[in-house]
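Data file: protein_0.cif. Format and content: mmCIF, C-alpha atoms.
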data_entry
loop_
_atom_site.label_atom_id
_atom_site.label_comp_id
_atom_site.auth_asym_id
_atom_site.auth_seq_id
_atom_site.Cartn_x
_atom_site.Cartn_y
_atom_site.Cartn_z
CA MET I 1 127.61 189.44 171.75
CA ASN I 2 129.56 188.49 168.63
CA ARG I 3 126.44 187.22 166.89
CA ARG I 4 124.47 190.31 167.86
CA TYR I 5 127.04 192.71 166.41
CA THR I 6 127.64 190.68 163.27
CA GLN I 7 123.88 190.49 162.71
CA LEU I 8 123.60 194.29 162.94
CA LEU I 9 126.21 194.66 160.22
CA VAL I 10 124.56 192.00 158.05
CA GLU I 11 121.22 193.82 158.37
CA VAL I 12 122.81 197.15 157.36
CA LEU I 13 124.39 195.50 154.32
CA HIS I 14 121.16 193.80 153.23
CA ALA I 15 119.20 197.05 153.70
CA GLY I 16 121.74 198.91 151.57
CA ILE I 17 121.49 196.28 148.85
CA GLN I 18 117.68 196.37 148.90
CA ARG I 19 117.66 200.17 148.59
CA GLY I 20 120.14 200.05 145.74
CA GLU I 21 122.83 201.86 147.72
CA PHE I 22 125.16 198.86 147.67
CA ARG I 23 125.90 196.70 144.67
CA PRO I 24 123.51 193.76 144.28
CA ASP I 25 126.45 191.35 143.97
CA THR I 26 127.86 192.35 147.36
CA ALA I 27 129.13 189.23 149.14
CA VAL I 28 127.60 189.97 152.55
CA PRO I 29 129.44 187.20 154.48
CA LEU I 30 132.76 188.28 152.98
CA VAL I 31 132.17 191.96 153.82
CA ARG I 32 131.18 190.96 157.37
CA ASP I 33 134.38 188.95 157.75
CA MET I 34 136.47 191.78 156.30
CA VAL I 35 135.05 194.33 158.73
CA PHE I 36 135.35 192.21 161.86
CA GLY I 37 138.67 190.72 160.78
CA SER I 38 140.19 194.13 160.20
CA VAL I 39 138.86 195.43 163.53
CA GLU I 40 140.25 192.40 165.36
CA HIS I 41 143.61 192.53 163.62
CA HIS I 42 143.98 196.25 164.25
CA LEU I 43 143.20 195.82 167.95
CA TRP I 44 145.96 193.26 168.60
CA GLY I 45 148.66 195.92 168.85
CA PHE I 46 146.52 197.92 171.25
CA LEU I 47 145.66 194.89 173.39
CA TYR I 48 149.33 193.98 173.71
CA GLY I 49 150.30 197.54 174.58
CA GLN I 50 152.29 198.01 171.38
CA SER I 51 150.19 200.80 169.85
CA SER I 52 147.56 203.35 170.71
CA LEU I 53 143.96 203.19 169.55
CA ASP I 54 142.05 205.95 167.81
CA ALA I 55 138.79 204.02 167.47
CA GLU I 56 136.95 206.79 165.62
CA ARG I 57 139.70 207.15 163.01
CA VAL I 58 139.96 203.40 162.51
CA ALA I 59 136.17 203.08 162.24
CA ASP I 60 136.04 205.87 159.66
CA ARG I 61 138.84 204.39 157.56
CA ILE I 62 137.42 200.86 157.59
CA THR I 63 133.97 202.20 156.72
CA GLU I 64 135.36 204.28 153.85
CA LEU I 65 137.30 201.35 152.44
CA VAL I 66 134.43 198.88 152.65
CA CYS I 67 131.71 201.24 151.46
CA GLY I 68 133.92 202.51 148.65
CA GLY I 69 134.10 198.97 147.34
CA ILE I 70 130.44 198.04 147.57
CA VAL I 71 128.57 201.28 146.88
CA ALA I 72 126.38 201.16 143.80
CA ASN I 73 127.05 203.83 141.21
CA ASP I 74 123.55 205.19 141.64
CA GLY I 75 123.52 204.63 145.42
CA ALA I 76 126.14 207.21 146.33
CA ALA I 77 123.46 209.56 147.67
CA GLY I 78 122.53 207.03 150.36
CA LEU I 79 126.12 206.21 151.22
CA ALA I 80 126.25 208.84 153.97
CA SER I 81 123.32 207.17 155.73
CA GLN I 82 124.90 203.72 155.55
CA THR I 83 128.28 205.09 156.59
CA GLU I 84 126.67 206.66 159.65
CA ARG I 85 124.96 203.37 160.54
CA LEU I 86 128.24 201.45 160.23
CA ALA I 87 130.05 204.09 162.27
CA THR I 88 127.39 203.76 164.97
CA LEU I 89 127.86 200.00 165.00
CA ILE I 90 131.61 200.39 165.40
CA ASP I 91 131.10 202.95 168.19
CA ARG I 92 128.91 200.42 170.00
CA MET I 93 131.61 197.79 169.60
CA ASP I 94 134.18 200.23 170.98
CA LEU I 95 132.04 200.89 174.06
CA ALA I 96 131.58 197.16 174.60
CA LEU I 97 135.34 196.64 174.40
CA GLU I 98 135.99 199.50 176.80
CA SER I 99 133.52 198.17 179.36
CA ARG I 100 134.93 194.68 179.02
CA GLY I 101 138.46 196.00 179.49
CA ALA I 102 137.41 197.89 182.58
CA ALA I 103 135.89 194.72 184.05
CA THR I 104 138.96 192.61 183.28
CA PRO I 105 141.57 192.56 186.07
#
Before anything else, please render the file you have as structure tokens.
Amino acid sequence: MNRRYTQLLVEVLHAGIQRGEFRPDTAVPLVRDMVFGSVEHHLWGFLYGQSSLDAERVADRITELVCGGIVANDGAAGLASQTERLATLIDRMDLALESRGAATP
């Protein structure tokens, strides 16, 4: 499952680079690690019962931070499309986590 989700993100990043929406020097592996690392780190408090989780808000903020750093100056018009795709990916991850949590005793 991890490979499947990371591959979706990598494909979105490469597509954005090819369309000129993301900077051509975007370090795809580093962006991938930043996204999944920040999601994982943010979830620790929730998993240990120390904080609540607003998955949509977290997804939006991570997406804004990452896309703000890699968007090409002339690719801003396509940013909304890529942001939506990344948000969809994070929503899918959230559903997978919820279903896994429900199955865990």
Open item on the list: As a check of understanding, name the residues that the PyMOL selection byres ((chain I and resi 88-96) around 10) selects in the supplied structure, as a VMD selection string.
Closed with: chain I and resid 1 to 2 5 to 6 8 to 9 12 35 to 36 39 55 to 56 58 to 60 62 to 63 82 to 87 97 to 102
Store the residues picked out above, limited to C-alpha atoms, as an mmCIF file, in the frame of the given file.
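That gives us out08.cif:
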data_model
loop_
_atom_site.group_PDB
_atom_site.id
_atom_site.type_symbol
_atom_site.label_atom_id
_atom_site.label_comp_id
_atom_site.auth_asym_id
_atom_site.auth_seq_id
_atom_site.Cartn_x
_atom_site.Cartn_y
_atom_site.Cartn_z
ATOM 1 C CA MET I 1 127.610 189.440 171.750
ATOM 2 C CA ASN I 2 129.560 188.490 168.630
ATOM 3 C CA TYR I 5 127.040 192.710 166.410
ATOM 4 C CA THR I 6 127.640 190.680 163.270
ATOM 5 C CA LEU I 8 123.600 194.290 162.940
ATOM 6 C CA LEU I 9 126.210 194.660 160.220
ATOM 7 C CA VAL I 12 122.810 197.150 157.360
ATOM 8 C CA VAL I 35 135.050 194.330 158.730
ATOM 9 C CA PHE I 36 135.350 192.210 161.860
ATOM 10 C CA VAL I 39 138.860 195.430 163.530
ATOM 11 C CA ALA I 55 138.790 204.020 167.470
ATOM 12 C CA GLU I 56 136.950 206.790 165.620
ATOM 13 C CA VAL I 58 139.960 203.400 162.510
ATOM 14 C CA ALA I 59 136.170 203.080 162.240
ATOM 15 C CA ASP I 60 136.040 205.870 159.660
ATOM 16 C CA ILE I 62 137.420 200.860 157.590
ATOM 17 C CA THR I 63 133.970 202.200 156.720
ATOM 18 C CA GLN I 82 124.900 203.720 155.550
ATOM 19 C CA THR I 83 128.280 205.090 156.590
ATOM 20 C CA GLU I 84 126.670 206.660 159.650
ATOM 21 C CA ARG I 85 124.960 203.370 160.540
ATOM 22 C CA LEU I 86 128.240 201.450 160.230
ATOM 23 C CA ALA I 87 130.050 204.090 162.270
ATOM 24 C CA LEU I 97 135.340 196.640 174.400
ATOM 25 C CA GLU I 98 135.990 199.500 176.800
ATOM 26 C CA SER I 99 133.520 198.170 179.360
ATOM 27 C CA ARG I 100 134.930 194.680 179.020
ATOM 28 C CA GLY I 101 138.460 196.000 179.490
ATOM 29 C CA ALA I 102 137.410 197.890 182.580
#
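If you measure from each of I:Ala15, I:Leu43, I:Leu53, I:Leu30 to I:Val66 using all atoms listed in the file, the closest one turns out to be I:Leu30.
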Could you give me the centre and size, in Å to one decimal, of an axis-aligned box around all listed atoms of stretch 34-48 of chain I with 3 Å added on every side, as AutoDock Vina command-line options?
--center_x 142.2 --center_y 194.3 --center_z 165.0 --size_x 20.3 --size_y 13.2 --size_z 23.4
Task: Residue neighbourhood I:Ile70, 6 Å, all atoms listed in the file, exclusion window fewer than 2 positions, as a list in words - done: Phe22, Arg23, Cys67 and Gly68 of chain I
Open item on the list: Under the rule that all atoms listed in the file are counted, which of I:Glu11, I:Asp54, I:Glu64, I:Glu40 is the nearest residue to I:Val28?
Closed with: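 Looking only at the distances to I:Val28, the closest residue turns out to be I:Glu11.
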